[in-house]
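Content type compact mmCIF, C-alpha atoms, from the file final-v7.txt:
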```txt
# COMPACT_ATOMS: atom_id res chain seq x y z
CA MET A 135 46.43 223.46 140.47
CA VAL A 136 44.81 222.04 143.54
CA PRO A 137 45.00 218.22 143.66
CA LEU A 138 41.74 216.31 143.71
CA SER A 139 42.65 214.62 146.99
CA TRP A 140 42.60 217.97 148.83
CA TYR A 141 38.93 218.43 148.03
CA LEU A 142 38.17 214.85 149.01
CA GLY A 143 40.07 215.22 152.27
CA LEU A 144 38.23 218.43 153.12
CA ALA A 145 34.93 216.71 152.33
CA ALA A 146 35.90 213.80 154.62
CA LEU A 147 36.68 216.25 157.45
CA LEU A 148 33.40 218.10 156.93
CA PHE A 149 31.47 214.82 156.88
CA SER A 150 33.09 213.76 160.16
CA ILE A 151 32.28 217.10 161.80
CA GLY A 152 28.67 216.78 160.66
CA LEU A 153 28.50 213.21 161.95
CA LEU A 154 29.91 214.33 165.32
CA THR A 155 27.32 217.11 165.45
CA VAL A 156 24.50 214.65 164.77
CA LEU A 157 25.76 212.17 167.36
CA MET A 158 26.77 214.52 170.16
CA LYS A 159 24.24 217.33 170.20
CA LYS A 160 20.90 217.08 171.93
CA ASN A 161 18.96 219.91 170.30
CA ALA A 162 16.99 218.62 167.30
CA VAL A 163 17.61 221.85 165.34
CA ILE A 164 21.38 221.44 165.65
CA ILE A 165 21.08 217.79 164.66
CA MET A 166 19.45 219.03 161.44
CA MET A 167 22.39 221.41 160.94
CA GLY A 168 24.75 218.43 161.23
CA ILE A 169 22.79 216.61 158.53
CA GLU A 170 23.14 219.67 156.28
CA LEU A 171 26.90 219.66 156.82
CA MET A 172 27.15 215.98 155.86
CA LEU A 173 25.09 216.54 152.70
CA ASN A 174 27.28 219.52 151.81
CA ALA A 175 30.39 217.36 152.09
CA VAL A 176 28.88 214.86 149.66
CA ASN A 177 28.00 217.68 147.25
CA LEU A 178 31.59 218.90 147.34
CA ASN A 179 32.75 215.41 146.37
CA LEU A 180 30.27 215.30 143.49
CA VAL A 181 31.34 218.66 142.06
CA ALA A 182 35.06 217.91 142.50
CA PHE A 183 34.80 214.55 140.74
CA SER A 184 32.71 216.18 138.03
CA LEU A 185 35.46 218.69 137.24
CA TYR A 186 38.44 216.36 137.54
CA HIS A 187 37.12 213.31 135.70
CA ARG A 188 34.37 214.53 133.34
CA PRO A 189 34.88 218.28 132.86
CA PHE A 190 32.46 218.57 129.95
CA ASP A 191 29.81 216.19 131.26
CA PHE A 192 27.81 218.01 133.93
CA THR A 193 26.06 215.02 135.46
CA GLY A 194 27.83 215.45 138.80
CA GLN A 195 26.84 219.09 139.07
CA ILE A 196 23.23 218.29 138.13
CA LEU A 197 23.12 215.55 140.77
CA SER A 198 24.40 218.02 143.36
CA VAL A 199 21.72 220.55 142.36
CA PHE A 200 19.08 217.85 142.81
CA SER A 201 20.60 216.97 146.17
CA ILE A 202 20.43 220.62 147.27
CA THR A 203 16.76 220.73 146.26
CA VAL A 204 15.92 217.59 148.23
CA THR A 205 17.80 219.02 151.21
CA ALA A 206 15.71 222.19 151.09
CA ALA A 207 12.53 220.08 151.13
CA GLU A 208 13.96 217.96 153.95
CA SER A 209 14.76 220.94 156.15
CA ALA A 210 11.29 222.46 155.60
CA VAL A 211 9.57 219.23 156.64
CA GLY A 212 12.08 218.78 159.47
CA LEU A 213 11.31 222.21 160.84
CA ALA A 214 7.58 221.43 160.70
CA ILE A 215 8.11 218.17 162.58
CA ILE A 216 10.29 219.88 165.20
CA LEU A 217 7.70 222.62 165.74
CA ASN A 218 4.93 220.04 166.10
CA LEU A 219 7.08 218.10 168.53
CA TYR A 220 7.68 221.22 170.60
CA ARG A 221 3.97 222.00 170.62
CA GLN A 222 3.11 218.54 171.93
CA ARG A 223 6.03 217.66 174.20
CA LYS A 224 7.37 221.14 175.12
CA THR A 225 10.92 220.09 174.32
CA VAL A 226 13.25 219.73 171.34
CA GLU A 227 15.88 217.68 173.15
CA ALA A 228 16.37 214.42 171.28
CA ASP A 229 17.07 212.57 174.55
CA ALA A 230 13.69 213.54 175.99
CA LEU A 231 11.71 212.15 173.06
CA ASP A 232 11.38 208.58 174.35
CA LEU A 233 7.61 208.15 174.03
CA LEU A 234 7.92 204.66 172.52
CA LYS A 235 10.05 203.44 175.44
CA HIS A 236 7.38 203.90 178.11
CA MET B 144 52.19 226.85 146.67
CA THR B 145 50.42 228.34 143.72
CA ALA B 146 47.79 231.04 144.04
CA SER B 147 44.88 228.61 143.58
CA GLN B 148 46.22 226.40 146.38
CA ILE B 149 46.41 229.37 148.75
CA VAL B 150 42.82 230.30 147.84
CA PHE B 151 41.77 226.70 148.48
CA VAL B 152 43.43 226.67 151.91
CA LEU B 153 41.76 229.95 152.89
CA LEU B 154 38.31 228.76 151.76
CA ALA B 155 38.83 225.41 153.49
CA LEU B 156 39.77 227.22 156.70
CA VAL B 157 36.59 229.34 156.50
CA THR B 158 34.45 226.25 155.89
CA LEU B 159 36.07 224.20 158.65
CA THR B 160 35.79 227.12 161.08
CA GLY B 161 32.07 227.34 160.40
CA ALA B 162 31.55 223.60 160.71
CA LEU B 163 33.57 223.31 163.90
CA GLY B 164 31.71 226.32 165.28
CA VAL B 165 28.39 224.53 164.71
CA LEU B 166 29.76 221.56 166.66
CA LEU B 167 31.48 223.41 169.50
CA SER B 168 29.36 226.48 170.17
CA VAL B 169 27.04 226.32 173.14
CA GLN B 170 24.41 228.80 171.96
CA VAL B 171 21.99 227.57 169.31
CA VAL B 172 21.80 230.94 167.50
CA ARG B 173 25.57 231.04 167.19
CA SER B 174 25.52 227.58 165.59
CA ALA B 175 22.98 228.80 163.04
CA PHE B 176 25.09 231.80 162.04
CA LEU B 177 28.31 229.79 161.89
CA LEU B 178 26.49 227.39 159.57
CA VAL B 179 26.14 230.32 157.14
CA LEU B 180 29.91 230.76 157.27
CA ALA B 181 30.42 227.10 156.35
CA PHE B 182 27.89 227.37 153.48
CA VAL B 183 29.52 230.51 152.05
CA GLY B 184 32.95 228.87 152.23
CA MET B 185 31.55 225.88 150.34
CA ALA B 186 30.13 228.26 147.70
CA GLY B 187 33.62 229.73 147.26
CA LEU B 188 35.00 226.22 146.79
CA TYR B 189 32.36 225.57 144.10
CA PHE B 190 33.46 228.76 142.34
CA GLN B 191 37.02 227.51 142.45
CA LEU B 192 35.85 224.21 140.92
CA HIS B 193 34.37 226.20 137.97
CA ALA B 194 30.86 225.20 139.06
CA ASP B 195 29.40 228.71 139.09
CA PHE B 196 25.79 227.55 138.77
CA VAL B 197 26.09 225.20 141.75
CA ALA B 198 27.79 227.99 143.71
CA ALA B 199 24.91 230.39 143.01
CA VAL B 200 22.38 227.72 143.97
CA GLN B 201 24.38 227.02 147.13
CA ILE B 202 24.28 230.67 148.20
CA MET B 203 20.59 231.10 147.34
CA VAL B 204 19.25 227.85 148.76
CA TYR B 205 21.64 227.02 151.59
CA ALA B 206 22.94 230.37 152.81
CA GLY B 207 19.55 231.94 152.10
CA ALA B 208 16.58 229.65 152.47
CA VAL B 209 17.82 226.77 154.62
CA THR B 210 19.48 229.13 157.08
CA VAL B 211 16.30 231.21 157.40
CA ILE B 212 14.39 227.98 158.11
CA MET B 213 16.97 227.08 160.76
CA LEU B 214 16.68 230.55 162.32
CA PHE B 215 12.89 230.18 162.39
CA ALA B 216 13.33 226.88 164.19
CA VAL B 217 15.74 228.52 166.63
CA MET B 218 13.32 231.38 167.28
CA LEU B 219 10.25 229.21 167.75
CA THR B 220 11.81 226.64 170.07
CA PRO B 221 13.53 227.30 173.40
CA GLY B 222 17.15 228.11 172.62
CA ARG B 223 18.56 226.36 175.62
CA ALA B 224 22.33 226.06 175.75
CA ASP B 225 23.44 222.80 174.18
CA SER B 226 26.97 221.90 175.13
CA ILE B 227 28.78 218.77 174.08
CA TYR B 228 31.05 219.08 177.10
CA GLN B 229 28.38 217.94 179.55
CA ARG B 230 27.97 214.50 177.99
CA SER B 231 28.65 211.44 180.10
CA GLN B 232 32.21 210.29 179.58
CA SER B 233 31.49 206.77 178.29
CA ARG B 234 29.26 207.85 175.43
CA TRP B 235 31.70 210.61 174.48
CA TRP B 236 34.45 208.05 173.95
CA VAL B 237 32.26 205.64 171.97
CA VAL B 238 31.15 208.39 169.61
CA GLY B 239 34.65 209.83 169.28
CA ILE B 240 36.27 206.51 168.46
CA THR B 241 33.56 205.62 165.93
CA VAL B 242 33.88 208.93 164.10
CA ALA B 243 37.69 208.76 164.23
CA VAL B 244 37.63 205.29 162.64
CA ILE B 245 35.28 206.51 159.90
CA LEU B 246 37.46 209.59 159.29
CA ILE B 247 40.66 207.54 159.08
CA ALA B 248 39.01 205.10 156.66
CA LEU B 249 37.82 208.02 154.50
CA LEU B 250 41.25 209.67 154.46
CA LYS B 251 42.95 206.35 153.64
CA SER B 252 40.66 205.88 150.65
CA VAL B 253 41.28 209.51 149.61
CA ALA B 254 45.00 208.74 149.54
CA LEU B 255 44.31 205.98 147.00
CA VAL B 256 42.77 208.41 144.52
CA PRO B 257 45.21 209.14 141.69
CA SER B 258 45.98 212.85 141.52
CA THR B 259 44.88 213.66 138.01
CA ALA B 260 45.31 217.18 136.78
CA PRO B 261 41.99 218.78 135.85
CA SER B 262 41.38 219.28 132.18
CA PRO B 263 40.69 222.81 130.99
CA ALA B 264 37.27 223.65 132.32
CA PRO B 265 34.44 225.14 130.27
CA LEU B 266 33.94 228.87 130.68
CA SER B 267 30.28 228.88 131.65
CA THR B 268 28.30 226.00 133.10
CA VAL B 269 24.85 227.62 133.16
CA HIS B 270 24.00 227.01 129.52
CA PRO B 271 24.98 223.30 129.36
CA ILE B 272 23.34 222.60 132.73
CA GLY B 273 20.12 224.24 131.58
CA PHE B 274 20.23 222.27 128.34
CA LEU B 275 20.80 218.98 130.17
CA LEU B 276 18.09 219.71 132.76
CA TYR B 277 15.40 220.41 130.16
CA ARG B 278 16.41 217.78 127.61
CA VAL B 279 18.14 214.79 129.16
CA TYR B 280 17.00 215.02 132.77
CA LEU B 281 13.50 216.37 132.19
CA LEU B 282 11.72 213.59 134.08
CA PRO B 283 13.87 213.89 137.25
CA PHE B 284 13.46 217.66 137.01
CA GLU B 285 9.66 217.41 137.00
CA THR B 286 9.78 214.78 139.73
CA ILE B 287 11.85 217.06 141.96
CA ALA B 288 9.25 219.80 141.39
CA LEU B 289 6.59 217.37 142.63
CA VAL B 290 8.75 216.52 145.66
CA LEU B 291 9.05 220.23 146.49
CA ILE B 292 5.28 220.76 146.19
CA ALA B 293 4.66 217.73 148.41
CA ALA B 294 7.16 218.99 151.00
CA LEU B 295 5.58 222.46 150.93
CA ILE B 296 2.03 221.16 151.46
CA GLY B 297 3.25 218.65 154.03
CA ALA B 298 5.07 221.32 156.03
CA ILE B 299 2.01 223.59 156.01
CA LEU B 300 -0.28 220.73 157.08
CA LEU B 301 2.13 219.65 159.82
CA THR B 302 2.43 223.08 161.40
CA LYS B 303 -1.21 224.12 161.00
CA LYS B 304 -3.11 224.21 164.26
CA GLU B 305 -6.00 221.80 164.08
CA ALA B 306 -9.36 223.54 164.15
CA GLY B 307 -11.65 222.86 167.08
CA ARG B 308 -8.94 221.84 169.51
```

Give the structure from the file, written as structure tokens.
Amino acid sequence: MVPLSWYLGLAALLFSIGLLTVLMKKNAVIIMMGIELMLNAVNLNLVAFSLYHRPFDFTGQILSVFSITVTAAESAVGLAIILNLYRQRKTVEADALDLLKH
Amino acid sequence: MTASQIVFVLLALVTLTGALGVLLSVQVVRSAFLLVLAFVGMAGLYFQLHADFVAAVQIMVYAGAVTVIMLFAVMLTPGRADSIYQRSQSRWWVVGITVAVILIALLKSVALVPSTAPSPAPLSTVHPIGFLLYRVYLLPFETIALVLIAALIGAILLTKKEAGR
């Protein structure tokens, strides 16, 4: 069988890649993709712990389903905000959105 | 290596390829499609963890809906090339060292986890999850429905062009 630590290590790697994407990309759409990757890594942890520690108690899986639902809502609202931003500022680069600085 | 370990390594490679592709690709559209690869690999990992309901939800919501939303965002905004290689050197190092420290801390704590063998898993998870959702977790379930409705209306209101302007 696959050890639990393999899943946790993979989730840690995925989380780091998502964090790097959020921190190093400029395009707001790709920053949202990085957030999705980080949330996916957390979901993998939840499901793995659910199987390895409480195989007949599905609370971890239910929490991950709720998390997926909230993520879907988040990306819909995020897309709406990005589109509005593009309509008003003609850019989706996160570096260019410094209205509060000036 | 047993068969399940080989399957895990293959699925992990698919997922990591997709995730790294999102980070490293220059074209925005390519990032969006590589994100699908990462999501499908994750769904395979859920199947391997005997979480077939979560895997189905992952494919429907993530690989289906969220990706379509991302592609809409890519289509409606200028898909200018977005390379991480053009960043100024100082910021690159700060970000890299921060993420490396976080990753090392995570992996160190993973090494502390005792490697317990999984108990025999239940055959189907759909029935018990449905039972729990409608009996034990009914209030969170209804609340999440409200959250979805609010997000739907909010997204429509945000993107609607204001009349008279």

I'd like the neighbourhood of stretch 181-184 of chain B as JSON, numbers by chain, where a residue qualifies if any of its atoms comes within 8 Å (using only C-alpha atoms), though same-chain residues fewer than 4 positions away should be ignored.
{"B": [154, 155, 157, 158, 159, 160, 161, 162, 177, 188, 201, 202, 205, 206]}

Could you tell me which of A:Leu234, A:Leu219, A:Val163, A:Leu180 comes closest to chain B if we count all atoms listed in the file?
A:Val163

Find the residues of chain A that sit at most 6 Å from chain B; for each, write down the nearest two atoms and how far apart they are in Å, to one decimal. Count all atoms listed in the file. Sort by chain, then by number going up, and give it as JSON lines.
```
{"residue": "A:Val136", "atom": "CA", "partner": "B:Gln148", "partner_atom": "CA", "distance": 5.4}
{"residue": "A:Pro137", "atom": "CA", "partner": "B:Ser258", "partner_atom": "CA", "distance": 5.9}
{"residue": "A:Leu138", "atom": "CA", "partner": "B:Ser258", "partner_atom": "CA", "distance": 5.9}
{"residue": "A:Ser139", "atom": "CA", "partner": "B:Val253", "partner_atom": "CA", "distance": 5.9}
{"residue": "A:Thr155", "atom": "CA", "partner": "B:Leu166", "partner_atom": "CA", "distance": 5.2}
{"residue": "A:Tyr186", "atom": "CA", "partner": "B:Pro261", "partner_atom": "CA", "distance": 4.6}
{"residue": "A:Pro189", "atom": "CA", "partner": "B:Ala264", "partner_atom": "CA", "distance": 5.9}
{"residue": "A:Ala207", "atom": "CA", "partner": "B:Ala294", "partner_atom": "CA", "distance": 5.5}
{"residue": "A:Val211", "atom": "CA", "partner": "B:Ala298", "partner_atom": "CA", "distance": 5.0}
{"residue": "A:Ala214", "atom": "CA", "partner": "B:Ala298", "partner_atom": "CA", "distance": 5.3}
```

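Nearest residue to A:Ala210, choosing from A:Met166, A:Ile151, A:Met135, A:Gln195 and counting all atoms listed in the file: A:Met166.
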
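Compared by their closest atoms to B:Val269, and using only C-alpha atoms, the residues B:Val211, B:Ala199, B:Gln170, B:Gly187 rank with B:Ala199 nearest.
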
So that I can check the surroundings of A:Leu153, please list as a PDB file with C-alpha atoms, keeping the file's coordinate frame every protein, DNA and RNA residue that reaches within 8 Å of it, counting all atoms listed in the file and ignoring chain neighbours fewer than 2 positions away.
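Now in result.pdb:
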```pdb
ATOM      1  CA  PHE A 149      31.470 214.820 156.880  1.00  0.00           C
ATOM      2  CA  SER A 150      33.090 213.760 160.160  1.00  0.00           C
ATOM      3  CA  ILE A 151      32.280 217.100 161.800  1.00  0.00           C
ATOM      4  CA  THR A 155      27.320 217.110 165.450  1.00  0.00           C
ATOM      5  CA  VAL A 156      24.500 214.650 164.770  1.00  0.00           C
ATOM      6  CA  LEU A 157      25.760 212.170 167.360  1.00  0.00           C
ATOM      7  CA  GLY A 168      24.750 218.430 161.230  1.00  0.00           C
ATOM      8  CA  ILE A 169      22.790 216.610 158.530  1.00  0.00           C
ATOM      9  CA  MET A 172      27.150 215.980 155.860  1.00  0.00           C
TER      10      MET A 172
ATOM     11  CA  VAL B 242      33.880 208.930 164.100  1.00  0.00           C
TER      12      VAL B 242
END
```

Atom CA of A:Glu227 sits from atom CA of A:Lys160 at a separation of 5.2 Å
